[in-house]
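Here is input-v3.cif, consisting of mmCIF, C-alpha atoms:
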```cif
data_protein
loop_
_atom_site.group_PDB
_atom_site.id
_atom_site.type_symbol
_atom_site.label_atom_id
_atom_site.label_comp_id
_atom_site.auth_asym_id
_atom_site.auth_seq_id
_atom_site.Cartn_x
_atom_site.Cartn_y
_atom_site.Cartn_z
ATOM 1 C CA MET C 1 69.765 85.767 108.703
ATOM 2 C CA ARG C 2 69.996 84.120 105.298
ATOM 3 C CA LEU C 3 68.374 87.142 103.644
ATOM 4 C CA GLY C 4 70.900 89.413 105.299
ATOM 5 C CA MET C 5 73.812 87.281 104.131
ATOM 6 C CA GLU C 6 72.486 87.210 100.584
ATOM 7 C CA ARG C 7 72.012 90.973 100.616
ATOM 8 C CA GLY C 8 75.549 91.430 101.920
ATOM 9 C CA ALA C 9 76.950 89.175 99.198
ATOM 10 C CA GLN C 10 75.003 91.079 96.544
ATOM 11 C CA GLN C 11 76.343 94.389 97.873
ATOM 12 C CA ALA C 12 79.875 92.984 97.832
ATOM 13 C CA ARG C 13 79.499 91.912 94.199
ATOM 14 C CA SER C 14 78.049 95.312 93.256
ATOM 15 C CA PHE C 15 80.873 97.079 95.049
ATOM 16 C CA TRP C 16 83.533 94.975 93.320
ATOM 17 C CA ARG C 17 82.030 95.814 89.927
ATOM 18 C CA ILE C 18 82.250 99.500 90.806
ATOM 19 C CA LEU C 19 85.786 99.125 92.112
ATOM 20 C CA SER C 20 86.879 97.268 88.982
ATOM 21 C CA SER C 21 85.939 100.323 86.925
ATOM 22 C CA VAL C 22 88.407 102.513 88.829
ATOM 23 C CA SER C 23 91.463 103.533 86.824
ATOM 24 C CA VAL C 24 94.518 102.319 88.709
ATOM 25 C CA SER C 25 96.697 103.513 85.823
ATOM 26 C CA GLU C 26 95.444 107.067 86.330
ATOM 27 C CA VAL C 27 96.557 107.063 89.963
ATOM 28 C CA ALA C 28 99.830 105.338 89.053
ATOM 29 C CA GLN C 29 100.486 108.096 86.518
ATOM 30 C CA GLU C 30 99.862 110.747 89.188
ATOM 31 C CA ALA C 31 102.143 108.957 91.635
ATOM 32 C CA GLY C 32 104.943 108.615 89.110
ATOM 33 C CA ARG C 33 104.708 112.066 87.547
ATOM 34 C CA PRO C 34 108.251 113.415 87.167
ATOM 35 C CA PHE C 35 109.289 116.713 88.652
ATOM 36 C CA ALA C 36 112.442 118.740 89.144
ATOM 37 C CA LEU C 37 112.794 120.287 92.604
ATOM 38 C CA ALA C 38 115.682 122.360 93.905
ATOM 39 C CA LEU C 39 116.442 123.363 97.478
ATOM 40 C CA VAL C 40 118.639 126.418 97.900
ATOM 41 C CA GLY C 41 119.975 128.225 100.932
ATOM 42 C CA GLU C 42 122.697 128.259 103.524
ATOM 43 C CA PRO C 43 123.812 124.732 104.526
ATOM 44 C CA GLU C 44 122.233 124.814 107.996
ATOM 45 C CA ASN C 45 118.934 126.059 106.556
ATOM 46 C CA ARG C 46 118.950 123.337 103.907
ATOM 47 C CA ALA C 47 119.632 120.748 106.599
ATOM 48 C CA ARG C 48 116.557 121.889 108.535
ATOM 49 C CA ALA C 49 114.424 121.727 105.393
ATOM 50 C CA LEU C 50 115.669 118.232 104.560
ATOM 51 C CA ALA C 51 114.832 117.085 108.091
ATOM 52 C CA LEU C 52 111.272 118.297 107.516
ATOM 53 C CA LEU C 53 110.998 116.604 104.127
ATOM 54 C CA TYR C 54 112.439 113.331 105.467
ATOM 55 C CA PRO C 55 111.490 113.243 109.175
ATOM 56 C CA GLY C 56 113.308 110.636 111.219
ATOM 57 C CA GLU C 57 115.683 109.749 108.395
ATOM 58 C CA THR C 58 119.424 110.295 108.138
ATOM 59 C CA ARG C 59 119.832 110.427 104.385
ATOM 60 C CA THR C 60 123.121 111.121 102.687
ATOM 61 C CA THR C 61 121.649 111.137 99.173
ATOM 62 C CA HIS C 62 118.512 112.855 97.918
ATOM 63 C CA PRO C 63 117.623 111.564 94.437
ATOM 64 C CA ALA C 64 114.334 113.501 94.289
ATOM 65 C CA ILE C 65 115.902 116.891 95.007
ATOM 66 C CA ARG C 66 118.905 119.001 93.949
ATOM 67 C CA LEU C 67 120.798 121.086 96.501
ATOM 68 C CA PHE C 68 122.430 124.461 95.836
ATOM 69 C CA ASP C 69 123.931 127.157 98.040
ATOM 70 C CA SER C 70 121.957 129.782 96.112
ATOM 71 C CA THR C 71 120.210 130.551 92.852
ATOM 72 C CA ALA C 72 123.349 132.314 91.589
ATOM 73 C CA PRO C 73 125.011 130.848 88.458
ATOM 74 C CA GLU C 74 128.383 130.851 90.239
ATOM 75 C CA HIS C 75 126.943 128.254 92.642
ATOM 76 C CA GLY C 76 125.993 125.998 89.763
ATOM 77 C CA PHE C 77 122.325 126.924 89.574
ATOM 78 C CA PRO C 78 121.006 126.842 85.977
ATOM 79 C CA SER C 79 120.429 130.231 84.400
ATOM 80 C CA GLU C 80 117.348 128.990 82.472
ATOM 81 C CA SER C 81 114.134 129.742 84.360
ATOM 82 C CA GLY C 82 112.439 126.500 83.242
ATOM 83 C CA SER C 83 115.021 124.126 84.684
ATOM 84 C CA TYR C 84 112.970 123.370 87.831
ATOM 85 C CA ASP C 85 109.271 122.932 88.556
ATOM 86 C CA VAL C 86 109.723 124.088 92.149
ATOM 87 C CA VAL C 87 112.576 125.927 93.866
ATOM 88 C CA ILE C 88 112.464 126.283 97.658
ATOM 89 C CA ASP C 89 114.632 128.868 99.353
ATOM 90 C CA ALA C 90 115.235 127.555 102.868
ATOM 91 C CA GLY C 91 116.903 130.830 103.807
ATOM 92 C CA GLY C 92 119.647 132.947 102.300
ATOM 93 C CA GLY C 93 119.525 131.268 98.904
ATOM 94 C CA ARG C 94 117.919 133.835 96.623
ATOM 95 C CA ILE C 95 120.825 135.479 94.851
ATOM 96 C CA ASN C 96 120.584 136.691 91.241
ATOM 97 C CA ALA C 97 117.565 134.427 90.688
ATOM 98 C CA PRO C 98 116.547 134.080 87.012
ATOM 99 C CA ALA C 99 113.360 135.880 86.018
ATOM 100 C CA GLY C 100 110.236 133.723 86.173
ATOM 101 C CA LEU C 101 111.766 131.217 88.599
ATOM 102 C CA PRO C 102 109.036 129.305 90.532
ATOM 103 C CA LEU C 103 110.699 130.151 93.849
ATOM 104 C CA TYR C 104 109.082 129.745 97.272
ATOM 105 C CA SER C 105 110.872 131.453 100.126
ATOM 106 C CA VAL C 106 110.522 130.293 103.723
ATOM 107 C CA ASP C 107 111.331 133.815 104.908
ATOM 108 C CA ASP C 108 108.916 135.580 102.568
ATOM 109 C CA LEU C 109 105.990 133.211 103.115
ATOM 110 C CA GLY C 110 106.374 133.039 106.867
ATOM 111 C CA GLY C 111 107.498 129.498 107.531
ATOM 112 C CA TRP C 112 107.922 126.018 106.151
ATOM 113 C CA ASP C 113 104.260 125.002 106.444
ATOM 114 C CA ARG C 114 103.150 127.979 104.355
ATOM 115 C CA VAL C 115 105.729 127.178 101.709
ATOM 116 C CA ILE C 116 104.413 123.632 101.374
ATOM 117 C CA GLU C 117 100.789 124.775 101.223
ATOM 118 C CA ARG C 118 101.624 127.328 98.515
ATOM 119 C CA VAL C 119 103.526 124.745 96.464
ATOM 120 C CA LEU C 120 100.609 122.301 96.749
ATOM 121 C CA ASP C 121 98.152 125.039 95.753
ATOM 122 C CA ASP C 122 100.174 125.986 92.690
ATOM 123 C CA ARG C 123 101.156 122.475 91.594
ATOM 124 C CA ARG C 124 98.104 120.353 92.242
ATOM 125 C CA ASP C 125 99.233 118.054 89.437
ATOM 126 C CA LEU C 126 102.317 117.110 91.475
ATOM 127 C CA GLN C 127 100.691 116.607 94.889
ATOM 128 C CA VAL C 128 100.645 112.796 94.879
ATOM 129 C CA SER C 129 104.067 112.464 93.280
ATOM 130 C CA LEU C 130 105.679 114.904 95.734
ATOM 131 C CA ALA C 131 104.102 113.262 98.779
ATOM 132 C CA ARG C 132 105.105 109.773 97.669
ATOM 133 C CA ARG C 133 108.747 110.868 97.650
ATOM 134 C CA PHE C 134 108.752 113.257 100.621
ATOM 135 C CA PRO C 135 107.268 111.698 103.795
ATOM 136 C CA GLY C 136 107.220 115.073 105.532
ATOM 137 C CA ILE C 137 104.394 116.431 103.361
ATOM 138 C CA ARG C 138 102.213 113.324 103.305
ATOM 139 C CA ALA C 139 99.866 114.489 106.060
ATOM 140 C CA SER C 140 99.142 117.740 104.196
ATOM 141 C CA VAL C 141 98.515 116.022 100.861
ATOM 142 C CA ALA C 142 96.376 113.300 102.446
ATOM 143 C CA HIS C 143 94.218 115.948 104.129
ATOM 144 C CA ARG C 144 93.707 117.690 100.801
ATOM 145 C CA ILE C 145 92.765 114.486 98.999
ATOM 146 C CA VAL C 146 90.256 113.502 101.686
ATOM 147 C CA HIS C 147 88.623 116.922 101.907
ATOM 148 C CA GLU C 148 88.390 117.458 98.155
ATOM 149 C CA THR C 149 86.870 114.004 97.603
ATOM 150 C CA ALA C 150 84.388 114.612 100.405
ATOM 151 C CA VAL C 151 83.397 117.935 98.823
ATOM 152 C CA ALA C 152 82.940 116.286 95.422
ATOM 153 C CA ASN C 153 80.703 113.624 96.957
ATOM 154 C CA ALA C 154 78.701 116.250 98.821
ATOM 155 C CA HIS C 155 78.048 117.972 95.475
ATOM 156 C CA LEU C 156 76.865 114.718 93.931
ATOM 157 C CA ALA C 157 74.644 113.859 96.877
ATOM 158 C CA MET C 158 73.060 117.319 96.863
ATOM 159 C CA LEU C 159 72.309 117.072 93.148
ATOM 160 C CA ASN C 160 70.758 113.666 93.639
ATOM 161 C CA ALA C 161 68.639 114.986 96.525
ATOM 162 C CA LEU C 162 66.902 117.548 94.333
ATOM 163 C CA PRO C 163 64.298 115.215 92.775
ATOM 164 C CA GLY C 164 63.308 114.064 96.276
ATOM 165 C CA VAL C 165 62.847 117.634 97.449
ATOM 166 C CA PHE C 166 61.332 118.993 94.223
ATOM 167 C CA PRO C 167 59.640 116.022 92.446
ATOM 168 C CA LEU C 168 59.087 117.941 89.200
ATOM 169 C CA LEU C 169 62.851 118.055 88.719
ATOM 170 C CA GLY C 170 63.001 114.275 88.459
ATOM 171 C CA ALA C 171 62.419 114.347 84.702
ATOM 172 C CA LEU C 172 65.081 117.020 84.235
ATOM 173 C CA VAL C 173 67.970 115.447 86.163
ATOM 174 C CA PRO C 174 70.144 113.139 84.033
ATOM 175 C CA THR C 175 70.015 109.433 84.833
ATOM 176 C CA ALA C 176 73.787 109.455 85.415
ATOM 177 C CA ILE C 177 73.318 111.812 88.366
ATOM 178 C CA LEU C 178 70.608 109.605 89.828
ATOM 179 C CA GLY C 179 73.094 106.743 89.959
ATOM 180 C CA ASP C 180 74.901 108.392 92.842
ATOM 181 C CA ILE C 181 75.880 105.159 94.531
ATOM 182 C CA VAL C 182 78.216 104.336 91.645
ATOM 183 C CA LEU C 183 79.806 107.778 91.506
ATOM 184 C CA LEU C 184 80.107 108.239 95.280
ATOM 185 C CA THR C 185 81.679 104.832 95.746
ATOM 186 C CA LYS C 186 83.983 105.222 92.764
ATOM 187 C CA ASN C 187 85.191 108.564 94.115
ATOM 188 C CA GLN C 188 85.877 106.940 97.473
ATOM 189 C CA ALA C 189 87.798 104.099 95.829
ATOM 190 C CA MET C 190 89.899 106.600 93.853
ATOM 191 C CA MET C 191 90.541 108.476 97.102
ATOM 192 C CA LEU C 192 91.708 105.250 98.714
ATOM 193 C CA LEU C 193 94.133 104.538 95.865
ATOM 194 C CA ARG C 194 95.524 108.073 95.971
ATOM 195 C CA LEU C 195 96.065 107.816 99.720
ATOM 196 C CA ALA C 196 97.822 104.495 99.213
ATOM 197 C CA ALA C 197 100.051 106.084 96.569
ATOM 198 C CA VAL C 198 100.826 109.057 98.812
ATOM 199 C CA HIS C 199 102.027 106.694 101.554
ATOM 200 C CA GLY C 200 104.227 104.655 99.244
ATOM 201 C CA ARG C 201 101.927 101.625 99.089
ATOM 202 C CA THR C 202 101.547 99.436 96.028
ATOM 203 C CA LEU C 203 98.670 100.184 93.671
ATOM 204 C CA ASP C 204 97.517 96.624 93.116
ATOM 205 C CA LEU C 205 93.715 96.635 93.150
ATOM 206 C CA ARG C 206 93.281 93.225 94.730
ATOM 207 C CA GLU C 207 95.812 93.964 97.450
ATOM 208 C CA ARG C 208 94.092 97.246 98.238
ATOM 209 C CA SER C 209 90.711 95.476 98.345
ATOM 210 C CA ARG C 210 91.671 94.201 101.795
ATOM 211 C CA ASP C 211 91.502 97.798 103.001
ATOM 212 C CA LEU C 212 87.915 98.303 101.829
ATOM 213 C CA PRO C 213 85.464 96.817 104.392
ATOM 214 C CA PRO C 214 84.700 100.225 105.988
ATOM 215 C CA LEU C 215 84.149 101.686 102.512
ATOM 216 C CA LEU C 216 81.879 98.808 101.526
ATOM 217 C CA GLY C 217 79.635 99.042 104.592
ATOM 218 C CA ASN C 218 79.329 102.807 104.572
ATOM 219 C CA ALA C 219 78.771 103.233 100.818
ATOM 220 C CA PHE C 220 75.469 101.365 100.924
ATOM 221 C CA GLY C 221 74.366 102.443 104.403
ATOM 222 C CA TRP C 222 74.716 106.207 103.978
ATOM 223 C CA ARG C 223 72.673 106.235 100.783
ATOM 224 C CA THR C 224 69.599 104.803 102.545
ATOM 225 C CA LEU C 225 69.936 107.173 105.487
ATOM 226 C CA ALA C 226 70.344 110.169 103.199
ATOM 227 C CA ARG C 227 67.265 109.275 101.152
ATOM 228 C CA GLU C 228 65.179 108.989 104.336
ATOM 229 C CA LEU C 229 66.362 112.376 105.555
ATOM 230 C CA VAL C 230 65.494 114.023 102.255
ATOM 231 C CA MET C 231 61.974 112.605 102.419
ATOM 232 C CA LEU C 232 61.415 113.586 106.043
ATOM 233 C CA VAL C 233 62.910 117.081 106.083
ATOM 234 C CA PRO C 234 61.036 119.757 104.110
ATOM 235 C CA GLY C 235 62.467 122.057 101.453
ATOM 236 C CA GLY C 236 66.138 122.668 100.870
ATOM 237 C CA ILE C 237 67.175 121.474 104.322
ATOM 238 C CA GLY C 238 67.035 117.925 103.004
ATOM 239 C CA VAL C 239 69.597 118.806 100.360
ATOM 240 C CA VAL C 240 71.947 120.101 103.061
ATOM 241 C CA ALA C 241 71.395 116.967 105.150
ATOM 242 C CA ARG C 242 72.230 114.663 102.277
ATOM 243 C CA GLY C 243 75.308 116.630 101.309
ATOM 244 C CA ALA C 244 76.481 116.603 104.928
ATOM 245 C CA ILE C 245 76.074 112.835 105.165
ATOM 246 C CA ALA C 246 78.034 112.276 101.948
ATOM 247 C CA TYR C 247 80.793 114.646 103.096
ATOM 248 C CA ALA C 248 81.041 113.129 106.566
ATOM 249 C CA GLY C 249 80.954 109.543 105.333
ATOM 250 C CA THR C 250 83.659 110.121 102.730
ATOM 251 C CA TYR C 251 85.767 112.146 105.154
ATOM 252 C CA ALA C 252 85.567 109.464 107.850
ATOM 253 C CA VAL C 253 86.646 106.733 105.426
ATOM 254 C CA GLY C 254 89.486 108.933 104.186
ATOM 255 C CA ILE C 255 90.843 109.636 107.661
ATOM 256 C CA ALA C 256 90.574 105.941 108.537
ATOM 257 C CA ALA C 257 92.483 105.000 105.366
ATOM 258 C CA THR C 258 95.131 107.632 106.095
ATOM 259 C CA ARG C 259 95.750 106.174 109.535
ATOM 260 C CA LEU C 260 95.891 102.690 108.085
ATOM 261 C CA TYR C 261 98.444 103.600 105.426
ATOM 262 C CA ALA C 262 100.515 105.905 107.632
ATOM 263 C CA HIS C 263 100.683 103.744 110.774
ATOM 264 C CA GLY C 264 99.111 100.384 109.999
ATOM 265 C CA GLU C 265 96.213 101.170 112.349
ATOM 266 C CA ARG C 266 93.058 99.425 111.141
ATOM 267 C CA PRO C 267 90.122 101.201 112.836
ATOM 268 C CA THR C 268 87.411 99.344 114.698
ATOM 269 C CA ARG C 269 83.731 99.877 113.945
ATOM 270 C CA ALA C 270 83.444 102.041 117.066
ATOM 271 C CA GLN C 271 86.360 104.203 115.932
ATOM 272 C CA LEU C 272 84.768 104.612 112.500
ATOM 273 C CA ARG C 273 81.517 105.744 114.091
ATOM 274 C CA LYS C 274 83.465 108.253 116.162
ATOM 275 C CA LEU C 275 85.234 109.543 113.040
ATOM 276 C CA TYR C 276 81.882 109.876 111.299
ATOM 277 C CA ARG C 277 80.351 111.854 114.183
ATOM 278 C CA GLU C 278 83.378 114.161 114.272
ATOM 279 C CA ALA C 279 83.167 114.644 110.497
ATOM 280 C CA LEU C 280 79.485 115.571 110.760
ATOM 281 C CA GLY C 281 80.531 118.434 113.009
ATOM 282 C CA ARG C 282 82.388 120.107 110.147
ATOM 283 C CA ALA C 283 80.182 118.810 107.339
ATOM 284 C CA ARG C 284 77.257 121.191 107.801
ATOM 285 C CA SER C 285 79.379 124.348 107.505
ATOM 286 C CA VAL C 286 81.203 122.918 104.472
ATOM 287 C CA VAL C 287 77.946 122.027 102.710
ATOM 288 C CA LEU C 288 76.348 125.388 103.480
ATOM 289 C CA SER C 289 79.408 127.103 102.000
ATOM 290 C CA LEU C 290 78.977 124.976 98.864
ATOM 291 C CA ARG C 291 75.406 126.195 98.452
ATOM 292 C CA ARG C 292 76.506 129.817 98.774
ATOM 293 C CA ALA C 293 79.594 129.487 96.562
ATOM 294 C CA PRO C 294 79.464 130.327 92.837
ATOM 295 C CA SER C 295 79.226 127.319 90.537
ATOM 296 C CA GLY C 296 82.577 125.612 90.097
ATOM 297 C CA ALA C 297 84.158 127.250 93.143
ATOM 298 C CA ARG C 298 86.351 124.939 95.206
ATOM 299 C CA SER C 299 85.542 124.717 98.897
ATOM 300 C CA ALA C 300 88.369 126.084 101.012
ATOM 301 C CA LEU C 301 90.309 123.543 102.989
ATOM 302 C CA PRO C 302 89.329 123.467 106.662
ATOM 303 C CA PRO C 303 92.117 123.186 109.233
ATOM 304 C CA ALA C 304 93.770 119.783 109.125
ATOM 305 C CA SER C 305 92.672 117.413 111.850
ATOM 306 C CA GLN C 306 96.054 115.675 111.987
ATOM 307 C CA PRO C 307 94.883 112.620 110.052
ATOM 308 C CA GLY C 308 98.214 110.914 110.483
ATOM 309 C CA ARG C 309 101.914 111.265 111.024
ATOM 310 C CA SER C 310 104.220 110.749 108.095
ATOM 311 C CA GLY C 311 104.434 107.135 106.963
ATOM 312 C CA ASP C 312 107.472 105.179 105.963
ATOM 313 C CA ASN C 313 108.972 105.977 102.608
ATOM 314 C CA ARG C 314 108.656 102.840 100.487
ATOM 315 C CA ASP C 315 110.127 104.118 97.228
#
```
Since I need it in another form, could you write the structure as structure tokens?
Amino acid sequence: MRLGMERGAQQARSFWRILSSVSVSEVAQEAGRPFALALVGEPENRARALALLYPGETRTTHPAIRLFDSTAPEHGFPSESGSYDVVIDAGGGRINAPAGLPLYSVDDLGGWDRVIERVLDDRRDLQVSLARRFPGIRASVAHRIVHETAVANAHLAMLNALPGVFPLLGALVPTAILGDIVLLTKNQAMMLLRLAAVHGRTLDLRERSRDLPPLLGNAFGWRTLARELVMLVPGGIGVVARGAIAYAGTYAVGIAATRLYAHGERPTRAQLRKLYREALGRARSVVLSLRRAPSGARSALPPASQPGRSGDNRD
């Protein structure tokens, strides 16, 4: 019992050292990145779009967005193409649009959801900032953050598995890669901060540390399990197994954090295990696609698993 408590305390201290190295300022900069967004279209179409951006709210002012009847200069829209980072045409608003305008049309793209996905694809630098201000797109951005972090951790875990599968590679793999526990956990902590920012939560590290027990337990447990699998399973299958475990573990923590920040639902241990088992179901196909993909290719986003409804806007 005493040995277990001492080990747990040592893990907690190690985890806090890792967490303390995370750049809160980097996430704060993402969350506060300025943007200029315009919504154009017929009044009833704009009203529908605003209801999707601010679900459940009855706003009369919209400080994060400018409204125009159309992109025509006679309706007050600027003639300079660089005036806005994103222009969304909710329907009937594209009239005499300036050349080079970053315009996304609900009609042309086939619906609101496709417009949002295209904007997020094109302006990855604005994802966190947009979601923090528009509750209606938080679920989409949270899903992207969780999946992309899980993919990054799967890459790291697969690289670290190589010396266990092919011992001669041990001397060739940099020591930094072998320290996967630091990188995997740091990535998860950054994911947690980004999810907090997306849902309008404060970015105080000590306050967010109360959200970390699932992250703490899983970060050290998955590493041991992955190492055992690599040793027991021959050839490259062990690499796939380790990558799948890293993906599933990170994904489960991300979904749990999303639910916590969106609805205040703190998952039980049983719910976390269920999330992990569900994540394993998609992890194998994701990891296999990573092995087949060219170096540097980004894994495509799988369908969202509805990680959470839109949270309250706290800005």
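The nearest approach to Ile88 of chain C among the residues C:Leu50, C:Val239, C:Leu39, C:Ala72, with only C-alpha atoms taken into account, belongs to C:Leu39.
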Given the PyMOL selection byres ((chain C and resi 246) around 7) and the file above, list the residues it selects as an MDAnalysis selection string. chainID C and resid 150 153:154 157 242:245 247:250
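Atom pair atom CA of Ala241 of chain C / atom CA of Leu184 of chain C: separated by 15.8 Å.
The nearest approach to His147 of chain C among the residues C:Ala64, C:Ala270, C:Met191, C:Ala99, with all atoms listed in the file taken into account, belongs to C:Met191.
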If you count only C-alpha atoms, which residues fall within 10 Å of Ala31 of chain C, apart from same-chain ones fewer than 4 positions away, as a list in words? Ser25, Glu26, Val27, Asp125, Leu126, Gln127, Val128, Ser129, Leu130, Ala131, Arg132, Arg133, Arg194, Ala196, Ala197, Val198, Gly200 and Leu203 of chain C
Keeping only C-alpha atoms, write the selected residues as a PDB file, in the coordinates of the input.
```pdb
ATOM      1  CA  SER C  25      96.697 103.513  85.823  1.00  0.00           C
ATOM      2  CA  GLU C  26      95.444 107.067  86.330  1.00  0.00           C
ATOM      3  CA  VAL C  27      96.557 107.063  89.963  1.00  0.00           C
ATOM      4  CA  ASP C 125      99.233 118.054  89.437  1.00  0.00           C
ATOM      5  CA  LEU C 126     102.317 117.110  91.475  1.00  0.00           C
ATOM      6  CA  GLN C 127     100.691 116.607  94.889  1.00  0.00           C
ATOM      7  CA  VAL C 128     100.645 112.796  94.879  1.00  0.00           C
ATOM      8  CA  SER C 129     104.067 112.464  93.280  1.00  0.00           C
ATOM      9  CA  LEU C 130     105.679 114.904  95.734  1.00  0.00           C
ATOM     10  CA  ALA C 131     104.102 113.262  98.779  1.00  0.00           C
ATOM     11  CA  ARG C 132     105.105 109.773  97.669  1.00  0.00           C
ATOM     12  CA  ARG C 133     108.747 110.868  97.650  1.00  0.00           C
ATOM     13  CA  ARG C 194      95.524 108.073  95.971  1.00  0.00           C
ATOM     14  CA  ALA C 196      97.822 104.495  99.213  1.00  0.00           C
ATOM     15  CA  ALA C 197     100.051 106.084  96.569  1.00  0.00           C
ATOM     16  CA  VAL C 198     100.826 109.057  98.812  1.00  0.00           C
ATOM     17  CA  GLY C 200     104.227 104.655  99.244  1.00  0.00           C
ATOM     18  CA  LEU C 203      98.670 100.184  93.671  1.00  0.00           C
TER      19      LEU C 203
END
```
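The space between atom CA of Ala189 of chain C and atom CA of Arg210 of chain C spans 12.2 Å.
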Could you list, as JSON, numbers by chain, every residue matched by the PyMOL selection byres ((chain C and resi 256) around 9) in this structure? {"C": [214, 251, 252, 253, 254, 255, 257, 258, 259, 260, 261, 265, 266, 267, 271, 272, 275, 307]}
Could you pull out every residue with an atom within 10 Å of (111.1, 125.6, 82.3), file coordinates, counting all atoms listed in the file, and send them as a list in words? Ala36, Glu80, Ser81, Gly82, Ser83, Tyr84, Asp85, Gly100, Leu101 and Pro102 of chain C
Counting only C-alpha atoms, what is within 6 Å of Thr71 of chain C, bar same-chain residues fewer than 4 positions away, as a JSON list (two decimals) with C-alpha atoms, in the coordinates of the input?
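Below is the file that was written, part-v3.json:
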```json
[["chain", "number", "residue", "atom", "x", "y", "z"],
["C", 77, "PHE", "CA", 122.32, 126.92, 89.57],
["C", 94, "ARG", "CA", 117.92, 133.84, 96.62],
["C", 95, "ILE", "CA", 120.82, 135.48, 94.85],
["C", 97, "ALA", "CA", 117.56, 134.43, 90.69]]
```
Box in all listed atoms of segment 182-192 of chain C, axis-aligned, with 6 Å more on each side; write out centre and edge lengths in Å to one decimal as AutoDock Vina command-line options.
```
--center_x 85.0 --center_y 106.3 --center_z 95.1 --size_x 25.5 --size_y 16.5 --size_z 19.2
```
For Pro78 of chain C, the closest of C:Ala90, C:Leu52, C:Ala38, C:Glu117 counting only C-alpha atoms is C:Ala38
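Taking atom CA of Arg124 of chain C and atom CA of Leu183 of chain C as the two end points, the separation is 22.2 Å.
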At a cut-off of 9 Å, using all atoms listed in the file, what residues contact Glu42 of chain C? Leave out same-chain residues fewer than 6 positions from it and give the result as a PDB file with C-alpha atoms, in the frame of the given file.
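Here's the written file out36.pdb:
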```pdb
ATOM      1  CA  PHE C  68     122.430 124.461  95.836  1.00  0.00           C
ATOM      2  CA  ASP C  69     123.931 127.157  98.040  1.00  0.00           C
ATOM      3  CA  SER C  70     121.957 129.782  96.112  1.00  0.00           C
ATOM      4  CA  ALA C  90     115.235 127.555 102.868  1.00  0.00           C
ATOM      5  CA  GLY C  91     116.903 130.830 103.807  1.00  0.00           C
ATOM      6  CA  GLY C  92     119.647 132.947 102.300  1.00  0.00           C
ATOM      7  CA  GLY C  93     119.525 131.268  98.904  1.00  0.00           C
TER       8      GLY C  93
END
```
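With distances restricted to all atoms listed in the file, C:Ser140 is the closest residue to Ile116 of chain C from C:Thr268, C:Ser23, C:Ser140, C:Ser285.
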Nearest to Pro63 of chain C, restricted to all atoms listed in the file and choosing among C:Ile137, C:Val146, C:Leu37, C:Ala152, comes out as C:Leu37
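With only C-alpha atoms as the basis for measurement, C:His75 is the residue among C:Arg282, C:His62, C:His75, C:Arg201 that approaches Gly41 of chain C most closely.
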